[in-house]
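Raw query07.pdb, PDB, C-alpha atoms:
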ATOM      1  CA  MET U   1       0.000   0.000   0.000
ATOM      2  CA  ILE U   2       2.871   2.348   0.876
ATOM      3  CA  GLY U   3       4.531   1.604  -2.485
ATOM      4  CA  ARG U   4       1.424   2.549  -4.406
ATOM      5  CA  LEU U   5       1.134   5.984  -2.847
ATOM      6  CA  PRO U   6       4.170   7.602  -4.541
ATOM      7  CA  LEU U   7       3.172   6.027  -7.860
ATOM      8  CA  THR U   8      -0.360   7.323  -7.602
ATOM      9  CA  LEU U   9       0.849  10.746  -6.507
ATOM     10  CA  ALA U  10       3.299  10.839  -9.425
ATOM     11  CA  ALA U  11       0.552   9.857 -11.870
ATOM     12  CA  ALA U  12      -1.811  12.463 -10.442
ATOM     13  CA  LEU U  13       0.932  15.114 -10.526
ATOM     14  CA  ALA U  14       1.829  14.201 -14.102
ATOM     15  CA  ALA U  15      -1.807  14.360 -15.172
ATOM     16  CA  GLY U  16      -2.291  17.652 -13.323
ATOM     17  CA  LEU U  17       0.745  19.255 -14.956
ATOM     18  CA  GLY U  18      -0.100  17.856 -18.359
ATOM     19  CA  ALA U  19       3.150  15.939 -18.415
ATOM     20  CA  SER U  20       3.681  13.043 -20.750
ATOM     21  CA  CYS U  21       6.451  10.927 -22.140
ATOM     22  CA  SER U  22       7.132   9.867 -25.705
ATOM     23  CA  VAL U  23       9.393   7.301 -27.281
ATOM     24  CA  VAL U  24      10.557   7.749 -30.866
ATOM     25  CA  GLU U  25      12.468   4.930 -32.492
ATOM     26  CA  LEU U  26      14.184   4.821 -35.866
ATOM     27  CA  ARG U  27      15.387   1.591 -37.464
ATOM     28  CA  ILE U  28      17.284   1.579 -40.729
ATOM     29  CA  ASP U  29      17.922  -1.735 -42.404
ATOM     30  CA  HIS U  30      18.051  -5.223 -40.969
ATOM     31  CA  ASP U  31      20.317  -5.870 -38.023
ATOM     32  CA  LEU U  32      23.883  -6.469 -39.220
ATOM     33  CA  ASP U  33      25.599  -9.587 -37.871
ATOM     34  CA  LEU U  34      29.159  -8.370 -37.209
ATOM     35  CA  ALA U  35      30.415 -11.790 -36.072
ATOM     36  CA  ARG U  36      29.519 -13.100 -39.512
ATOM     37  CA  CYS U  37      31.340 -10.194 -41.162
ATOM     38  CA  ASP U  38      34.503 -10.939 -39.183
ATOM     39  CA  GLY U  39      34.425 -14.588 -40.237
ATOM     40  CA  PHE U  40      35.932 -14.099 -43.712
ATOM     41  CA  GLU U  41      39.592 -14.952 -44.305
ATOM     42  CA  HIS U  42      41.754 -12.127 -45.642
ATOM     43  CA  GLY U  43      43.448 -13.085 -48.887
ATOM     44  CA  GLU U  44      41.102 -16.012 -49.439
ATOM     45  CA  ALA U  45      37.442 -15.017 -49.415
ATOM     46  CA  SER U  46      36.140 -13.816 -52.751
ATOM     47  CA  LEU U  47      33.723 -11.026 -53.600
ATOM     48  CA  GLY U  48      31.199 -13.675 -54.648
ATOM     49  CA  GLU U  49      31.429 -15.468 -51.278
ATOM     50  CA  VAL U  50      30.855 -12.273 -49.324
ATOM     51  CA  LEU U  51      27.924 -11.265 -51.526
ATOM     52  CA  THR U  52      26.375 -14.707 -51.211
ATOM     53  CA  ALA U  53      26.723 -14.691 -47.424
ATOM     54  CA  LEU U  54      25.695 -11.107 -46.674
ATOM     55  CA  GLY U  55      23.622 -10.071 -49.673
ATOM     56  CA  PRO U  56      23.889  -6.776 -51.536
ATOM     57  CA  PRO U  57      25.722  -3.997 -49.662
ATOM     58  CA  VAL U  58      24.302  -0.673 -48.546
ATOM     59  CA  GLU U  59      26.931   1.117 -50.630
ATOM     60  CA  PHE U  60      29.701   0.075 -52.929
ATOM     61  CA  GLY U  61      32.473   1.835 -54.776
ATOM     62  CA  ALA U  62      35.324   1.015 -57.110
ATOM     63  CA  ARG U  63      38.686   2.563 -57.783
ATOM     64  CA  GLY U  64      40.442   0.949 -60.679
ATOM     65  CA  GLY U  65      39.852  -2.766 -60.275
ATOM     66  CA  GLU U  66      39.479  -2.595 -56.494
ATOM     67  CA  ILE U  67      36.042  -2.775 -54.925
ATOM     68  CA  ALA U  68      34.697  -1.575 -51.567
ATOM     69  CA  LEU U  69      31.459  -2.820 -50.001
ATOM     70  CA  LEU U  70      29.810  -1.124 -47.049
ATOM     71  CA  TYR U  71      27.180  -2.775 -44.848
ATOM     72  CA  GLU U  72      25.437  -0.750 -42.157
ATOM     73  CA  SER U  73      22.464  -0.876 -39.814
ATOM     74  CA  VAL U  74      21.151   1.830 -37.496
ATOM     75  CA  ARG U  75      18.920   1.760 -34.427
ATOM     76  CA  LEU U  76      18.161   5.054 -32.743
ATOM     77  CA  LYS U  77      15.872   5.577 -29.769
ATOM     78  CA  GLU U  78      14.793   8.867 -28.298
ATOM     79  CA  SER U  79      13.002   9.278 -24.967
ATOM     80  CA  GLN U  80      11.132  12.504 -24.381
ATOM     81  CA  LEU U  81       9.507  14.135 -21.406
ATOM     82  CA  GLY U  82       6.817  16.651 -22.326
ATOM     83  CA  LEU U  83       5.226  19.336 -20.176
ATOM     84  CA  SER U  84       2.042  21.136 -21.194
ATOM     85  CA  LEU U  85       2.682  24.863 -21.495
ATOM     86  CA  GLY U  86      -0.948  25.465 -20.541
ATOM     87  CA  ALA U  87      -0.204  24.102 -17.090
ATOM     88  CA  VAL U  88       2.731  26.503 -16.762
ATOM     89  CA  LEU U  89       1.489  29.626 -18.552
ATOM     90  CA  GLY U  90      -2.198  29.266 -17.794
ATOM     91  CA  ALA U  91      -5.130  28.158 -19.932
ATOM     92  CA  GLY U  92      -5.334  29.345 -23.537
ATOM     93  CA  ALA U  93      -3.143  28.758 -26.565
ATOM     94  CA  GLY U  94      -0.537  27.225 -24.277
ATOM     95  CA  ASP U  95      -2.849  24.247 -23.795
ATOM     96  CA  TYR U  96      -2.093  23.102 -27.305
ATOM     97  CA  PHE U  97       1.678  23.120 -27.000
ATOM     98  CA  LYS U  98       4.118  21.220 -24.887
ATOM     99  CA  PHE U  99       7.736  21.684 -24.006
ATOM    100  CA  SER U 100       9.688  18.536 -24.821
ATOM    101  CA  TYR U 101      13.087  17.468 -23.624
ATOM    102  CA  GLY U 102      14.552  14.523 -25.467
ATOM    103  CA  ARG U 103      17.592  12.329 -25.087
ATOM    104  CA  SER U 104      18.586   9.764 -27.649
ATOM    105  CA  GLY U 105      20.955   6.861 -27.900
ATOM    106  CA  THR U 106      22.181   4.963 -30.900
ATOM    107  CA  ASP U 107      23.253   1.456 -31.769
ATOM    108  CA  ARG U 108      25.055   1.515 -35.096
ATOM    109  CA  LYS U 109      26.884  -1.310 -36.831
ATOM    110  CA  ALA U 110      29.005  -1.141 -39.938
ATOM    111  CA  ALA U 111      31.346  -3.384 -41.887
ATOM    112  CA  LEU U 112      33.661  -2.305 -44.685
ATOM    113  CA  PHE U 113      35.086  -4.894 -47.086
ATOM    114  CA  LEU U 114      37.921  -4.056 -49.480
ATOM    115  CA  PHE U 115      38.718  -6.343 -52.405
ATOM    116  CA  ASP U 116      41.788  -6.300 -54.636
ATOM    117  CA  GLU U 117      41.825  -6.273 -58.431
ATOM    118  CA  ASP U 118      41.199 -10.032 -58.500
ATOM    119  CA  HIS U 119      38.129  -9.515 -56.292
ATOM    120  CA  VAL U 120      39.817 -11.286 -53.361
ATOM    121  CA  LEU U 121      39.240  -9.909 -49.867
ATOM    122  CA  GLU U 122      42.088  -7.655 -48.754
ATOM    123  CA  THR U 123      40.621  -6.513 -45.482
ATOM    124  CA  VAL U 124      37.412  -6.262 -43.524
ATOM    125  CA  ASN U 125      36.792  -3.847 -40.677
ATOM    126  CA  THR U 126      33.773  -3.814 -38.428
ATOM    127  CA  LEU U 127      32.517  -1.091 -36.183
ATOM    128  CA  ARG U 128      29.879  -0.937 -33.490
ATOM    129  CA  PHE U 129      29.003   2.076 -31.429
ATOM    130  CA  GLU U 130      26.379   2.273 -28.751
ATOM    131  CA  GLU U 131      26.427   5.712 -27.254
ATOM    132  CA  PRO U 132      24.323   8.809 -26.587
ATOM    133  CA  PHE U 133      23.404  10.512 -29.843
ATOM    134  CA  GLY U 134      22.336  13.856 -28.448
ATOM    135  CA  ARG U 135      19.854  15.771 -26.338
ATOM    136  CA  SER U 136      17.640  18.706 -27.087
ATOM    137  CA  GLY U 137      14.502  20.628 -26.157
ATOM    138  CA  SER U 138      11.626  21.922 -28.264
ATOM    139  CA  VAL U 139       8.099  23.279 -28.191
ATOM    140  CA  GLN U 140       5.654  21.246 -30.245
ATOM    141  CA  MET U 141       1.956  20.479 -30.623
ATOM    142  CA  ILE U 142       0.738  18.355 -27.761
ATOM    143  CA  VAL U 143      -0.517  15.584 -30.035
ATOM    144  CA  THR U 144       2.599  15.201 -32.166
ATOM    145  CA  VAL U 145       5.269  12.601 -31.607
ATOM    146  CA  ASP U 146       8.246  14.109 -33.396
ATOM    147  CA  GLU U 147      11.894  13.671 -32.646
ATOM    148  CA  VAL U 148      13.494  16.486 -30.696
ATOM    149  CA  VAL U 149      17.065  15.387 -31.332
ATOM    150  CA  SER U 150      17.929  15.779 -35.027
ATOM    151  CA  MET U 151      18.207  12.428 -36.782
ATOM    152  CA  GLY U 152      18.464  13.982 -40.242
ATOM    153  CA  GLY U 153      21.989  12.866 -40.923
ATOM    154  CA  LEU U 154      21.092   9.229 -40.412
ATOM    155  CA  ARG U 155      18.200   9.442 -42.837
ATOM    156  CA  ALA U 156      20.498  10.279 -45.752
ATOM    157  CA  SER U 157      19.097   9.057 -49.044
ATOM    158  CA  PRO U 158      20.862   6.127 -50.672
ATOM    159  CA  ASP U 159      23.071   7.178 -53.565
ATOM    160  CA  ALA U 160      20.783   5.440 -56.015
ATOM    161  CA  PHE U 161      18.036   7.943 -55.227
ATOM    162  CA  VAL U 162      20.138  11.008 -55.912
ATOM    163  CA  ASP U 163      21.928   9.675 -58.956
ATOM    164  CA  GLY U 164      22.265  12.449 -61.502
ATOM    165  CA  ARG U 165      20.935  15.147 -59.176
ATOM    166  CA  GLU U 166      24.459  15.666 -57.870
ATOM    167  CA  LEU U 167      25.582  16.726 -61.334
ATOM    168  CA  LEU U 168      23.220  19.683 -61.250
ATOM    169  CA  ARG U 169      24.793  21.152 -58.131
ATOM    170  CA  GLY U 170      27.900  23.252 -57.616
ATOM    171  CA  ILE U 171      31.153  21.865 -58.929
ATOM    172  CA  GLN U 172      32.487  21.204 -55.428
ATOM    173  CA  TRP U 173      29.464  19.063 -54.638
ATOM    174  CA  SER U 174      29.395  17.107 -57.870
ATOM    175  CA  GLN U 175      33.114  16.393 -57.899
ATOM    176  CA  ASN U 176      33.147  15.220 -54.301
ATOM    177  CA  SER U 177      29.857  13.376 -54.313
ATOM    178  CA  THR U 178      29.714   9.738 -53.368
ATOM    179  CA  HIS U 179      29.301   8.920 -57.056
ATOM    180  CA  SER U 180      32.998   9.387 -57.503
ATOM    181  CA  ALA U 181      33.599   5.948 -55.974
ATOM    182  CA  LEU U 182      33.394   7.283 -52.423
ATOM    183  CA  VAL U 183      31.853   5.004 -49.815
ATOM    184  CA  GLU U 184      30.867   6.638 -46.545
ATOM    185  CA  LEU U 185      28.845   5.945 -43.422
ATOM    186  CA  ARG U 186      25.475   7.554 -42.858
ATOM    187  CA  GLY U 187      25.718  10.853 -41.067
ATOM    188  CA  ALA U 188      29.237  11.709 -42.268
ATOM    189  CA  ARG U 189      29.661  15.487 -42.246
ATOM    190  CA  ASN U 190      31.034  17.557 -45.081
ATOM    191  CA  ARG U 191      34.095  19.848 -44.821
ATOM    192  CA  MET U 192      36.222  16.773 -44.187
ATOM    193  CA  GLY U 193      38.005  14.158 -46.269
ATOM    194  CA  GLN U 194      36.785  14.064 -49.836
ATOM    195  CA  HIS U 195      34.121  16.630 -48.885
ATOM    196  CA  ALA U 196      36.738  19.089 -47.652
ATOM    197  CA  LEU U 197      35.884  21.631 -50.356
ATOM    198  CA  ASP U 198      32.104  21.428 -49.975
ATOM    199  CA  PRO U 199      30.661  24.881 -49.315
ATOM    200  CA  GLY U 200      28.802  25.389 -46.028
ATOM    201  CA  TRP U 201      28.047  22.886 -43.323
ATOM    202  CA  SER U 202      25.681  20.062 -44.021
ATOM    203  CA  TRP U 203      25.170  16.378 -43.565
ATOM    204  CA  GLY U 204      26.906  14.013 -45.935
ATOM    205  CA  ASP U 205      23.985  13.894 -48.356
ATOM    206  CA  GLY U 206      24.048  17.660 -48.798
ATOM    207  CA  THR U 207      20.963  18.220 -46.670
ATOM    208  CA  PRO U 208      21.499  21.513 -44.824
ATOM    209  CA  ASP U 209      21.255  21.421 -41.033
TER     210      ASP U 209
ATOM    211  CA  MET A   1      -5.718   4.555  -4.279
ATOM    212  CA  ARG A   2      -6.037   1.859  -6.886
ATOM    213  CA  HIS A   3      -9.308   3.394  -8.064
ATOM    214  CA  LEU A   4      -7.685   6.823  -8.324
ATOM    215  CA  LEU A   5      -4.897   5.449 -10.460
ATOM    216  CA  THR A   6      -7.334   3.530 -12.640
ATOM    217  CA  LEU A   7      -9.489   6.621 -13.027
ATOM    218  CA  ALA A   8      -6.487   8.794 -13.939
ATOM    219  CA  LEU A   9      -5.334   6.299 -16.550
ATOM    220  CA  ALA A  10      -8.846   5.798 -17.924
ATOM    221  CA  ALA A  11      -9.303   9.565 -18.201
ATOM    222  CA  ALA A  12      -5.992   9.995 -19.980
ATOM    223  CA  VAL A  13      -6.760   7.191 -22.395
ATOM    224  CA  SER A  14     -10.307   8.297 -23.112
ATOM    225  CA  VAL A  15      -9.574  12.002 -23.621
ATOM    226  CA  GLY A  16      -7.794  11.749 -26.917
ATOM    227  CA  PRO A  17      -6.077   8.541 -27.878
ATOM    228  CA  GLY A  18      -4.923   8.192 -31.447
ATOM    229  CA  CYS A  19      -2.758   6.140 -33.662
ATOM    230  CA  ILE A  20      -0.592   6.807 -36.692
ATOM    231  CA  ARG A  21       0.386   4.463 -39.467
ATOM    232  CA  ASN A  22       2.007   5.374 -42.720
ATOM    233  CA  SER A  23       4.145   3.622 -45.241
ATOM    234  CA  ALA A  24       6.150   4.650 -48.275
ATOM    235  CA  ARG A  25       8.140   3.068 -51.071
ATOM    236  CA  ARG A  26      11.011   4.694 -52.932
ATOM    237  CA  GLY A  27      12.903   3.135 -55.765
ATOM    238  CA  ILE A  28      12.056   0.752 -58.539
ATOM    239  CA  GLU A  29       9.669  -2.159 -58.784
ATOM    240  CA  PRO A  30      11.477  -5.084 -57.100
ATOM    241  CA  VAL A  31      11.157  -7.511 -59.983
ATOM    242  CA  TRP A  32      14.273  -9.334 -58.738
ATOM    243  CA  MET A  33      12.476 -10.370 -55.547
ATOM    244  CA  GLU A  34      10.048 -12.426 -57.609
ATOM    245  CA  LEU A  35      12.778 -14.212 -59.545
ATOM    246  CA  ASP A  36      14.570 -17.332 -58.391
ATOM    247  CA  PRO A  37      18.204 -16.368 -57.599
ATOM    248  CA  ALA A  38      19.243 -19.737 -59.046
ATOM    249  CA  SER A  39      18.107 -18.503 -62.447
ATOM    250  CA  PHE A  40      21.137 -16.172 -62.535
ATOM    251  CA  VAL A  41      24.182 -18.249 -63.370
ATOM    252  CA  VAL A  42      27.725 -16.935 -62.950
ATOM    253  CA  GLY A  43      29.689 -17.377 -66.163
ATOM    254  CA  THR A  44      26.588 -17.814 -68.286
ATOM    255  CA  THR A  45      24.019 -15.080 -67.646
ATOM    256  CA  THR A  46      24.755 -11.898 -69.556
ATOM    257  CA  ARG A  47      24.188  -8.231 -68.799
ATOM    258  CA  ALA A  48      21.551  -8.160 -71.525
ATOM    259  CA  ASP A  49      19.716 -11.063 -69.823
ATOM    260  CA  VAL A  50      19.671  -9.244 -66.492
ATOM    261  CA  LEU A  51      18.525  -5.961 -68.027
ATOM    262  CA  ASP A  52      15.842  -7.790 -69.943
ATOM    263  CA  ARG A  53      14.526  -9.691 -66.909
ATOM    264  CA  VAL A  54      15.049  -7.224 -64.060
ATOM    265  CA  GLY A  55      14.705  -3.950 -65.939
ATOM    266  CA  VAL A  56      16.410  -0.582 -65.675
ATOM    267  CA  PRO A  57      18.735  -0.454 -62.632
ATOM    268  CA  SER A  58      18.917   2.250 -59.988
ATOM    269  CA  GLN A  59      22.631   2.679 -60.632
ATOM    270  CA  VAL A  60      25.234   1.594 -63.143
ATOM    271  CA  LEU A  61      28.847   1.591 -62.028
ATOM    272  CA  ALA A  62      31.693   1.493 -64.519
ATOM    273  CA  LEU A  63      34.524  -0.716 -63.260
ATOM    274  CA  GLU A  64      37.998  -1.026 -64.710
ATOM    275  CA  ASP A  65      37.230  -4.475 -66.001
ATOM    276  CA  GLY A  66      33.470  -4.462 -66.401
ATOM    277  CA  THR A  67      30.276  -2.989 -65.041
ATOM    278  CA  ALA A  68      27.971  -3.372 -62.055
ATOM    279  CA  LEU A  69      24.201  -2.935 -61.935
ATOM    280  CA  TYR A  70      22.581  -1.984 -58.626
ATOM    281  CA  TYR A  71      18.846  -2.251 -57.962
ATOM    282  CA  LEU A  72      17.196  -0.688 -54.920
ATOM    283  CA  LEU A  73      13.768  -0.303 -53.351
ATOM    284  CA  GLU A  74      13.263   1.332 -49.946
ATOM    285  CA  ARG A  75      10.215   0.382 -47.906
ATOM    286  CA  SER A  76       9.535   2.507 -44.858
ATOM    287  CA  ARG A  77       6.792   2.255 -42.317
ATOM    288  CA  ALA A  78       5.880   4.259 -39.238
ATOM    289  CA  ASP A  79       3.536   3.158 -36.468
ATOM    290  CA  GLY A  80       2.529   5.480 -33.680
ATOM    291  CA  LEU A  81       0.385   5.472 -30.587
ATOM    292  CA  ILE A  82      -0.833   8.598 -28.831
ATOM    293  CA  LEU A  83      -2.224   8.098 -25.336
ATOM    294  CA  LEU A  84      -1.329  11.598 -24.099
ATOM    295  CA  LEU A  85       0.460  10.335 -20.994
ATOM    296  CA  TYR A  86       2.507   7.960 -23.103
ATOM    297  CA  ASN A  87       3.194   8.283 -26.828
ATOM    298  CA  GLN A  88       5.247   6.127 -29.101
ATOM    299  CA  ARG A  89       6.386   6.129 -32.717
ATOM    300  CA  VAL A  90       8.502   3.498 -34.409
ATOM    301  CA  GLU A  91       9.793   4.185 -37.893
ATOM    302  CA  SER A  92      11.506   1.444 -39.859
ATOM    303  CA  SER A  93      13.178   1.477 -43.259
ATOM    304  CA  TYR A  94      14.106  -1.721 -45.047
ATOM    305  CA  PHE A  95      15.671  -2.197 -48.439
ATOM    306  CA  ASP A  96      15.265  -4.754 -51.195
ATOM    307  CA  ARG A  97      18.521  -4.777 -53.142
ATOM    308  CA  ALA A  98      20.203  -6.614 -55.957
ATOM    309  CA  ILE A  99      23.697  -6.189 -57.322
ATOM    310  CA  PHE A 100      25.213  -7.786 -60.425
ATOM    311  CA  PHE A 101      28.862  -7.632 -61.542
ATOM    312  CA  PHE A 102      29.844  -8.277 -65.153
ATOM    313  CA  ASP A 103      33.205  -8.680 -66.845
ATOM    314  CA  ASP A 104      34.424  -6.901 -69.982
ATOM    315  CA  SER A 105      32.389  -9.248 -72.151
ATOM    316  CA  GLY A 106      29.198  -8.557 -70.234
ATOM    317  CA  VAL A 107      29.084 -11.979 -68.564
ATOM    318  CA  LEU A 108      27.948 -12.269 -64.930
ATOM    319  CA  THR A 109      30.868 -12.726 -62.519
ATOM    320  CA  GLU A 110      29.246 -12.166 -59.096
ATOM    321  CA  PHE A 111      25.805 -11.196 -57.849
ATOM    322  CA  ALA A 112      23.615 -10.981 -54.761
ATOM    323  CA  VAL A 113      19.944 -10.351 -54.054
ATOM    324  CA  SER A 114      18.274  -9.490 -50.760
ATOM    325  CA  GLU A 115      17.100 -12.277 -48.505
ATOM    326  CA  GLY A 116      13.667 -13.533 -49.451
ATOM    327  CA  ALA A 117      14.151 -13.201 -53.192
ATOM    328  CA  GLY A 118      12.319 -15.866 -55.123
ATOM    329  CA  ALA A 119       9.938 -16.550 -52.251
ATOM    330  CA  ARG A 120       7.397 -13.901 -53.243
TER     331      ARG A 120
END

Could you quickly redo this structure as structure tokens?
Amino acid sequence: MIGRLPLTLAAALAAGLGASCSVVELRIDHDLDLARCDGFEHGEASLGEVLTALGPPVEFGARGGEIALLYESVRLKESQLGLSLGAVLGAGAGDYFKFSYGRSGTDRKAALFLFDEDHVLETVNTLRFEEPFGRSGSVQMIVTVDEVVSMGGLRASPDAFVDGRELLRGIQWSQNSTHSALVELRGARNRMGQHALDPGWSWGDGTPD
Amino acid sequence: MRHLLTLALAAAVSVGPGCIRNSARRGIEPVWMELDPASFVVGTTTRADVLDRVGVPSQVLALEDGTALYYLLERSRADGLILLLYNQRVESSYFDRAIFFFDDSGVLTEFAVSEGAGAR
């Protein structure tokens, strides 16, 4: 009975203040099995074996006769706490808006395979990172369930969907686009590496912040 | 106390619950998912065969010693629940892909299709 009292009080307080919580989850592609990726022998496994075992890659590139395959999967979860502004500012327009504070964490997996000119595996590198992705606050309609922490960079369109469009942009963009055999992880920023000359800050797919 | 909690929850749920569901597809018709992967034979199937059976690819990549065709369809779906006190939205994107590598003569050297191909 004693244990129920704080819970009930918390629920009543939350309802009274118009507080609520939201969970926003983003999943991109099927879960990548990194143990399977690490199981290929360098200098022995062929491009065909890797493709047969793992399926088509997320991205691929070629330089001369060498080939790079990139596999990647993303899980991102954001937890929000919302507070009705009507409860804080008084009844009126504030009733329809809430202040949201969100915190998100990510679980990303990636594997990069490099093959030599004979299409034999030179190297494979895997990467997993589970860490906080960011935190942020916003004011939004009380009935919406939108992310507060920007996930835009992870939603980058696959190259196949922007094929050709890159050629219509500034010369810095088109020359450094991923179509020039560049393979990169989702969310890679510009103004670095092959994108060093890109004008302005943006996510890797050219979407402005 | 139990009644109070039940009442509070019932009130929250009855005031304005809602749900969201949307889905989208981007890319090309996944013809390759309907074909048996065994029907593509390394060393025999040609680029013309693949283009004829699977259609126009999403991307063509010129290699030093051949070409690669890449086919892609993105399927995304979002499901949401709005209960005021607790809200949830899960958005998932999955891809049906196929990739074919050909040598200088246009003969298939390696290929892969997404899991589930041929079963549809």

For chain A against chain U, with a cut-off of 8 Å and counting all atoms listed in the file, what is the closest atom pair and its distance in Å to one decimal for every residue that makes the cut, ordered by chain and number, as a tab-separated table?
residue	atom	partner	partner_atom	distance
A:Met1	CA	U:Thr8	CA	6.9
A:Arg2	CA	U:Arg4	CA	7.9
A:Leu4	CA	U:Thr8	CA	7.4
A:Leu5	CA	U:Thr8	CA	5.7
A:Ala8	CA	U:Ala12	CA	6.9
A:Ala12	CA	U:Ala15	CA	7.7
A:Gly27	CA	U:Phe161	CA	7.1
A:Ser58	CA	U:Ala160	CA	5.4
A:Gln59	CA	U:Ala160	CA	5.7
A:Leu63	CA	U:Ala62	CA	6.4
A:Glu64	CA	U:Gly64	CA	5.1
A:Asp65	CA	U:Gly65	CA	6.5
A:Leu72	CA	U:Ala160	CA	7.2
A:Gly80	CA	U:Val145	CA	7.9
A:Ile82	CA	U:Val143	CA	7.1
A:Leu84	CA	U:Ser20	CA	6.2
A:Leu85	CA	U:Ser20	CA	4.2
A:Tyr86	CA	U:Cys21	CA	5.0
A:Asn87	CA	U:Ser22	CA	4.4
A:Gln88	CA	U:Val23	CA	4.7
A:Arg89	CA	U:Val24	CA	4.8
A:Val90	CA	U:Glu25	CA	4.6
A:Glu91	CA	U:Leu26	CA	4.9
A:Ser92	CA	U:Arg27	CA	4.6
A:Ser93	CA	U:Ile28	CA	4.8
A:Tyr94	CA	U:Asp29	CA	4.6
A:Phe95	CA	U:Asp29	CA	6.5
A:Arg97	CA	U:Pro56	CA	5.9
A:Ala98	CA	U:Pro56	CA	5.8
A:Ile99	CA	U:Pro56	CA	5.8
A:Thr109	CA	U:Gly48	CA	7.9
A:Glu110	CA	U:Gly48	CA	5.1
A:Phe111	CA	U:Leu51	CA	6.7
A:Ala112	CA	U:Gly55	CA	5.2
A:Val113	CA	U:Gly55	CA	5.7
A:Ser114	CA	U:Gly55	CA	5.5
A:Glu115	CA	U:Gly55	CA	7.0

What does the distance from CA of Pro30 in chain A to CA of Glu184 in chain U come to in Å, to one decimal?
-> 25.0 Å

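Residues matched by the PyMOL selection byres ((chain U and resi 42) around 12) in this file are Cys37, Asp38, Gly39, Phe40, Glu41, Gly43, Glu44, Ala45, Ser46, Leu47, Val50, Phe113, Leu114, Phe115, Asp116, His119, Val120, Leu121, Glu122, Thr123, Val124 and Asn125 of chain U.
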
For the residues in that selection, give me C-alpha atoms as a PDB file, keeping the file's coordinate frame.
ATOM      1  CA  CYS U  37      31.340 -10.194 -41.162  1.00  0.00           C
ATOM      2  CA  ASP U  38      34.503 -10.939 -39.183  1.00  0.00           C
ATOM      3  CA  GLY U  39      34.425 -14.588 -40.237  1.00  0.00           C
ATOM      4  CA  PHE U  40      35.932 -14.099 -43.712  1.00  0.00           C
ATOM      5  CA  GLU U  41      39.592 -14.952 -44.305  1.00  0.00           C
ATOM      6  CA  GLY U  43      43.448 -13.085 -48.887  1.00  0.00           C
ATOM      7  CA  GLU U  44      41.102 -16.012 -49.439  1.00  0.00           C
ATOM      8  CA  ALA U  45      37.442 -15.017 -49.415  1.00  0.00           C
ATOM      9  CA  SER U  46      36.140 -13.816 -52.751  1.00  0.00           C
ATOM     10  CA  LEU U  47      33.723 -11.026 -53.600  1.00  0.00           C
ATOM     11  CA  VAL U  50      30.855 -12.273 -49.324  1.00  0.00           C
ATOM     12  CA  PHE U 113      35.086  -4.894 -47.086  1.00  0.00           C
ATOM     13  CA  LEU U 114      37.921  -4.056 -49.480  1.00  0.00           C
ATOM     14  CA  PHE U 115      38.718  -6.343 -52.405  1.00  0.00           C
ATOM     15  CA  ASP U 116      41.788  -6.300 -54.636  1.00  0.00           C
ATOM     16  CA  HIS U 119      38.129  -9.515 -56.292  1.00  0.00           C
ATOM     17  CA  VAL U 120      39.817 -11.286 -53.361  1.00  0.00           C
ATOM     18  CA  LEU U 121      39.240  -9.909 -49.867  1.00  0.00           C
ATOM     19  CA  GLU U 122      42.088  -7.655 -48.754  1.00  0.00           C
ATOM     20  CA  THR U 123      40.621  -6.513 -45.482  1.00  0.00           C
ATOM     21  CA  VAL U 124      37.412  -6.262 -43.524  1.00  0.00           C
ATOM     22  CA  ASN U 125      36.792  -3.847 -40.677  1.00  0.00           C
TER      23      ASN U 125
END

If you measure from CA of Gly102 in chain U to CA of Arg128 in chain U, what distance in Å do you get, rounded to one decimal?
-> 23.2 Å

Which residues come within 12 Å of range 41-47 of chain A, counting all atoms listed in the file, excluding same-chain residues fewer than 3 positions away, as a count of residues only?
-> 31

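Of note, CA of Gln140 in chain U and CA of Gly105 in chain U are spaced 21.1 Å apart.
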
Using all atoms listed in the file, which residues sit within 9 Å of Asn22 in chain A once same-chain residues fewer than 6 positions away are excluded, as a ChimeraX atom specification?
-> /A:76-79

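Checking U:Pro132, U:Ser104, U:Asp118, U:Gly86 one by one against Ser150 in chain U, counting only C-alpha atoms, you find the shortest gap at U:Ser104.
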
Give the padded box for range 34-39 of chain A as lines of an AutoDock Vina configuration file: axis-aligned, covering all atoms listed in the file, 4 Å on each side, centre and edge lengths in Å to one decimal.
center_x = 14.6
center_y = -16.1
center_z = -60.0
size_x = 17.2
size_y = 15.3
size_z = 12.8

So which residues get picked by the PyMOL selection byres ((chain U and resi 34) around 10) here, written as a ChimeraX atom specification?
-> /U:31-33,35-39,71-72,109-111,125-128
